[in-house]
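Visitor: Below you'll find my_file_2.cif; it's mmCIF, C-alpha atoms and all ligand atoms.
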```
data_target
loop_
_atom_site.label_atom_id
_atom_site.label_comp_id
_atom_site.auth_asym_id
_atom_site.auth_seq_id
_atom_site.Cartn_x
_atom_site.Cartn_y
_atom_site.Cartn_z
CA MET I 282 0.00 0.00 0.00
CA LEU I 283 1.38 3.38 -1.01
CA LYS I 284 1.08 6.27 1.40
CA GLU I 285 1.21 9.91 0.44
CA ILE I 286 2.80 13.06 1.80
CA LEU I 287 2.67 16.63 0.54
CA LEU I 288 6.14 18.19 0.17
CA LYS I 289 6.20 21.81 -1.04
CA ASP I 290 2.87 21.36 -2.87
CA THR I 291 3.91 18.11 -4.54
CA LEU I 292 2.18 14.88 -3.61
CA ILE I 293 4.79 12.19 -3.04
CA LYS I 294 3.87 8.52 -2.86
CA TYR I 295 5.91 6.30 -0.57
CA LYS I 296 6.03 2.87 0.94
CA ILE I 297 7.48 1.74 4.23
CA GLU I 298 9.60 -1.35 4.56
CA ARG I 299 11.15 -2.56 7.80
CA ARG I 300 14.46 -4.34 8.03
CA LEU I 301 16.99 -5.30 10.65
CA ILE I 302 19.10 -2.20 10.16
CA LYS I 303 20.39 0.55 12.42
CA HIS I 304 19.75 3.63 10.32
CA PRO I 305 16.83 4.51 8.07
CA ARG I 306 17.46 4.64 4.31
CA MET I 307 15.57 5.90 1.30
CA GLU I 308 15.40 4.45 -2.19
CA PHE I 309 13.73 5.51 -5.39
CA LYS I 310 14.87 2.68 -7.66
CA THR I 311 11.42 1.21 -8.16
CA GLY I 312 9.77 4.45 -9.21
CA TYR I 313 8.39 5.55 -5.89
CA LEU I 314 9.95 6.45 -2.60
CA LYS I 315 10.75 3.48 -0.41
CA LEU I 316 11.50 4.23 3.23
CA ILE I 317 13.56 1.47 4.73
CA LEU I 318 13.28 1.77 8.48
CA PRO I 319 14.76 -0.08 11.43
CA MET I 320 12.30 -2.33 13.25
CA GLY I 321 10.17 -0.39 15.67
CA CYS I 322 11.06 2.99 14.20
CA SER I 323 7.88 4.90 13.50
CA ASP I 324 9.12 8.47 13.57
CA PHE I 325 9.96 9.10 9.93
CA HIS I 326 8.22 12.43 9.33
CA ASP I 327 11.38 14.40 10.15
CA LEU I 328 13.36 12.19 7.82
CA LEU I 329 11.00 13.05 4.96
CA ILE I 330 11.12 16.76 5.71
CA LYS I 331 14.88 16.82 6.13
CA ASN I 332 15.36 15.13 2.77
CA GLN I 333 12.54 16.82 0.91
CA ASN I 334 14.80 18.52 -1.65
CA TRP I 335 16.39 15.23 -2.60
CA ILE I 336 12.97 13.53 -2.69
CA LEU I 337 11.49 16.25 -4.92
CA LYS I 338 14.46 16.08 -7.26
CA GLN I 339 14.10 12.30 -7.64
CA ASN I 340 10.41 12.81 -8.27
CA ASN I 341 11.22 15.30 -11.05
CA LEU I 342 13.65 12.85 -12.61
CA ILE I 343 10.90 10.21 -12.60
CA ASN I 344 8.55 12.57 -14.41
CA LEU I 345 11.30 13.37 -16.90
CA SER I 346 11.83 9.66 -17.54
CA LYS I 347 8.53 9.48 -19.40
CA THR I 348 10.01 11.75 -22.09
CA TYR I 349 13.31 9.89 -22.62
CA GLU I 350 13.69 7.65 -25.67
CA LEU I 351 15.55 4.35 -25.45
CA ASN I 352 17.89 3.04 -28.12
CA TYR I 353 16.39 -0.28 -29.27
CA GLU I 354 18.85 -0.64 -32.16
CA ARG I 355 21.99 -1.61 -30.28
CA THR I 356 22.28 -5.35 -29.62
CA GLU I 357 23.85 -6.88 -26.53
CA LEU I 358 26.82 -8.02 -28.62
CA GLU I 359 27.31 -4.51 -29.95
CA LEU I 360 27.24 -3.18 -26.40
CA GLN I 361 29.92 -5.66 -25.36
CA GLU I 362 32.09 -4.80 -28.37
CA TYR I 363 31.72 -1.11 -27.69
CA ILE I 364 32.65 -1.44 -24.01
CA SER I 365 35.60 -3.72 -24.85
CA SER I 366 36.98 -1.19 -27.30
CA LEU I 367 36.63 1.64 -24.77
CA ILE I 368 38.39 -0.42 -22.12
CA ASN I 369 41.16 -1.33 -24.55
CA ASP I 370 41.82 2.34 -25.13
CA TYR I 371 41.88 3.11 -21.41
CA ASP I 372 44.10 0.13 -20.79
CA LYS I 373 46.76 1.61 -23.07
CA LEU I 374 46.57 4.85 -21.12
CA TYR I 375 46.38 3.54 -17.58
CA ASP I 376 47.63 -0.05 -17.61
CA LEU I 377 44.54 -1.36 -15.82
CA ASN I 378 45.39 -5.00 -15.26
CA ILE I 379 41.80 -6.11 -15.81
CA ASN I 380 40.81 -9.62 -14.84
CA THR I 381 37.34 -10.19 -16.35
CA ILE I 382 34.55 -8.17 -17.92
CA SER I 383 31.03 -9.56 -17.58
CA TYR I 384 27.50 -8.45 -18.36
CA ARG I 385 24.33 -9.07 -16.43
CA LYS I 386 20.98 -7.60 -15.55
CA MET I 387 21.67 -5.54 -12.44
CA LYS I 388 18.98 -4.43 -10.03
CA LYS I 389 20.67 -1.41 -8.54
CA ARG I 390 23.46 -0.10 -10.73
CA TRP I 391 24.96 0.37 -14.14
CA GLY I 392 28.32 -1.15 -13.37
CA SER I 393 30.58 -2.40 -10.64
CA CYS I 394 34.11 -3.56 -10.03
CA ASP I 395 35.98 -5.37 -7.30
CA ILE I 396 39.48 -5.31 -5.86
CA LYS I 397 40.46 -8.25 -8.10
CA HIS I 398 39.79 -6.01 -11.10
CA ASN I 399 36.70 -7.82 -12.32
CA LEU I 400 34.36 -5.43 -14.09
CA LYS I 401 30.62 -6.01 -14.37
CA PHE I 402 28.26 -3.99 -16.52
CA ASN I 403 24.49 -3.81 -16.65
CA LYS I 404 23.09 -5.26 -19.89
CA ASN I 405 20.56 -2.45 -20.00
CA LEU I 406 23.35 -0.03 -20.90
CA LYS I 407 22.60 -0.98 -24.50
CA TYR I 408 19.52 1.28 -24.40
CA LEU I 409 21.59 4.36 -23.51
CA PRO I 410 23.28 6.93 -25.73
CA SER I 411 26.98 6.25 -26.32
CA TYR I 412 28.24 9.18 -24.27
CA LEU I 413 26.53 7.79 -21.15
CA ILE I 414 27.93 4.31 -21.73
CA GLU I 415 31.36 5.94 -21.98
CA TYR I 416 30.75 7.79 -18.75
CA VAL I 417 29.75 4.61 -16.89
CA VAL I 418 32.81 2.76 -18.22
CA PHE I 419 35.08 5.65 -17.21
CA HIS I 420 33.59 5.61 -13.70
CA GLU I 421 34.41 1.91 -13.26
CA ILE I 422 37.87 2.35 -14.79
CA ILE I 423 38.67 5.08 -12.27
CA HIS I 424 37.58 2.73 -9.48
CA LEU I 425 40.45 0.48 -10.49
CA LYS I 426 42.76 3.32 -9.48
CA GLU I 427 40.69 4.73 -6.62
CA PHE I 428 38.34 2.20 -5.06
CA ASN I 429 36.17 4.56 -3.02
CA HIS I 430 34.11 7.59 -3.97
CA ASN I 431 36.59 9.92 -2.29
CA LYS I 432 37.91 13.31 -3.30
CA ASN I 433 40.66 11.83 -5.40
CA PHE I 434 38.13 9.73 -7.28
CA TYR I 435 35.98 12.75 -8.08
CA ASN I 436 39.02 14.73 -9.19
CA TYR I 437 39.62 12.16 -11.91
CA ILE I 438 35.93 12.24 -12.86
CA LYS I 439 35.68 16.05 -12.84
CA ASN I 440 38.77 16.38 -14.92
CA ARG I 441 37.25 14.50 -17.80
CA TYR I 442 33.57 15.18 -17.09
CA PRO I 443 33.12 18.63 -15.54
CA ASN I 444 29.37 18.07 -16.07
CA TYR I 445 29.34 14.75 -14.20
CA LYS I 446 26.41 15.76 -11.98
CA GLN I 447 24.27 16.34 -15.04
CA LEU I 448 25.35 12.95 -16.40
CA ASP I 449 24.49 11.28 -13.09
CA ASP I 450 21.01 12.80 -13.31
CA GLU I 451 20.61 11.58 -16.89
CA LEU I 452 21.63 8.09 -15.80
CA THR I 453 19.00 8.23 -13.07
CA VAL I 454 16.35 9.31 -15.57
CA TYR I 455 17.30 6.48 -17.93
CA TRP I 456 17.21 4.08 -14.99
CA PHE I 457 13.60 5.07 -14.39
CA THR I 458 12.75 4.96 -18.11
CA ILE I 459 13.96 1.35 -18.28
CA ASN I 460 12.88 0.04 -14.90
CA ILE I 461 9.52 1.64 -14.21
CA LYS I 462 6.75 -0.04 -16.09
ZN ZN I 501 31.33 4.11 -8.14
#
```
Please lay out the structure from this file as structure tokens.

Guide:
Amino acid sequence: MLKEILLKDTLIKYKIERRLIKHPRMEFKTGYLKLILPMGCSDFHDLLIKNQNWILKQNNLINLSKTYELNYERTELELQEYISSLINDYDKLYDLNINTISYRKMKKRWGSCDIKHNLKFNKNLKYLPSYLIEYVVFHEIIHLKEFNHNKNFYNYIKNRYPNYKQLDDELTVYWFTINIK
């Protein structure tokens, strides 16, 4: 059952889920706000108010997702070839020492990597414009040099993508376009 709250004149739908966690979290991945609360925690009104700007922004991105067009032309094989060629180029530059590259349907992200230098990419990247695929690949490549999202990491990102916040928003919109039915 979805509940509703009015934030700055916008009606926001949300759902509460309880888990064995210490701190409350919020997610928007499924197209509406999910409040994940510790067991027994019922005081979430402040949490909603405190985060209302973030919530309203996510809500805007969801509305925007209805206007985004997906690329249905690119096949999965073409996606893999494209990503391989990008990684080859970066490898010449940075000597990345990559172990494996794999593709799967991912529920929460576009890509990931681990300390053993295995890269994983979301198959749904094939629906995105090339410049966003490049951006996702670059993000994972930089993780091979800088594992955490620290200042150093963002310096690398900013250097090549001064507009990275805009690109992150576009990725969020595409996420909604693909995953909200
Ligand atoms: Zn990352």

Visitor: List all protein, DNA and RNA residues that have at least one atom no more than 10 Å from any atom of ligand ZN 501 (chain I), counting all atoms listed in the file, and write them as a ChimeraX atom specification.

Guide: /I:390-394,417,419-424,427-431,434-435

Visitor: Tell me, counting only C-alpha atoms, for each residue of stretch 384-422 of chain I within 12 Å of stretch 303-311 of chain I, which pair of atoms is nearest and how far apart they are in Å to one decimal, in rows ordered by chain and increasing number, as a Markdown table.

Guide:
```
| residue | atom | partner | partner_atom | distance |
| --- | --- | --- | --- | --- |
| I:Met387 | CA | I:Lys310 | CA | 11.7 |
| I:Lys388 | CA | I:Lys310 | CA | 8.5 |
| I:Lys389 | CA | I:Lys310 | CA | 7.2 |
| I:Arg390 | CA | I:Lys310 | CA | 9.5 |
```

Visitor: Ranking I:Leu425, I:Ile379, I:Leu316, I:Ile364 by minimum distance to I:Phe402 and counting all atoms listed in the file, which one comes first?

Guide: I:Ile364

Visitor: May I have the protein, DNA and RNA residues with any atom at most 10 Å from the point (25.7, 6.6, -17.5), counting all atoms listed in the file, written as a compact mmCIF listing (two decimals) with C-alpha atoms, keeping the file's coordinate frame?

Guide:
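As a result, result.txt now contains:
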```txt
# COMPACT_ATOMS: atom_id res chain seq x y z
CA ARG I 390 23.46 -0.10 -10.73
CA TRP I 391 24.96 0.37 -14.14
CA GLY I 392 28.32 -1.15 -13.37
CA LEU I 406 23.35 -0.03 -20.90
CA LEU I 409 21.59 4.36 -23.51
CA PRO I 410 23.28 6.93 -25.73
CA SER I 411 26.98 6.25 -26.32
CA TYR I 412 28.24 9.18 -24.27
CA LEU I 413 26.53 7.79 -21.15
CA ILE I 414 27.93 4.31 -21.73
CA GLU I 415 31.36 5.94 -21.98
CA TYR I 416 30.75 7.79 -18.75
CA VAL I 417 29.75 4.61 -16.89
CA VAL I 418 32.81 2.76 -18.22
CA PHE I 419 35.08 5.65 -17.21
CA HIS I 420 33.59 5.61 -13.70
CA TYR I 445 29.34 14.75 -14.20
CA LEU I 448 25.35 12.95 -16.40
CA ASP I 449 24.49 11.28 -13.09
CA ASP I 450 21.01 12.80 -13.31
CA GLU I 451 20.61 11.58 -16.89
CA LEU I 452 21.63 8.09 -15.80
CA THR I 453 19.00 8.23 -13.07
CA VAL I 454 16.35 9.31 -15.57
CA TYR I 455 17.30 6.48 -17.93
CA TRP I 456 17.21 4.08 -14.99
```

Visitor: Kindly indicate which residue among I:Leu318, I:Leu360, I:Met282, I:Ile293 lies nearest to I:Asn341, using all atoms listed in the file for the distances.

Guide: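 For I:Asn341, the nearest of the candidates is I:Ile293.
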
Visitor: Fewer than 5 positions away in the same chain doesn't count, so skip those; otherwise give me all residues within 10 Å of stretch 283-291 of chain I, counting only C-alpha atoms, as a PyMOL selection string.

Guide: chain I and resi 296-297+313-315+326+329-330+333-334+336-337+340

Visitor: Which is closest to I:Ser383 among I:Asp327, I:Glu298, I:Glu354, I:Glu362, if we use all atoms listed in the file?

Guide: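 Selected residue with least distance to I:Ser383: I:Glu362.
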
Visitor: Using all atoms listed in the file, which of I:Tyr295, I:Tyr408, I:Asn436, I:Lys338 sits nearest I:Asn352?

Guide: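 Using all atoms listed in the file, I:Asn352 sits closest to I:Tyr408.
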
Visitor: Which one of I:Ile368, I:Ile438, I:Leu351, I:Ile396 sits closest to I:Ile459 if you count only C-alpha atoms?

Guide: I:Leu351

Visitor: With all atoms listed in the file as the atoms that count, which of I:His398, I:Arg300, I:Arg385, I:Lys331 lies nearest to I:Pro319?

Guide: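 For I:Pro319, the nearest of the given residues is I:Arg300.
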
Visitor: So how far away is atom CA of I:Leu358 from atom CA of I:Tyr384, in Å?

Guide: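 Separation of atom CA of I:Tyr384 and atom CA of I:Leu358: 10.3 Å.
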
Visitor: Can you tell me how far atom CA of I:Phe325 sits from atom CA of I:Arg299, in Å to one decimal?

Guide: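 Those two atoms sit 11.9 Å apart.
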
Visitor: Using atom CA of I:Tyr442 and atom CA of I:Gln361 as the two end points, give the distance in Å to one decimal.

Guide: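 A separation of 22.7 Å between them.
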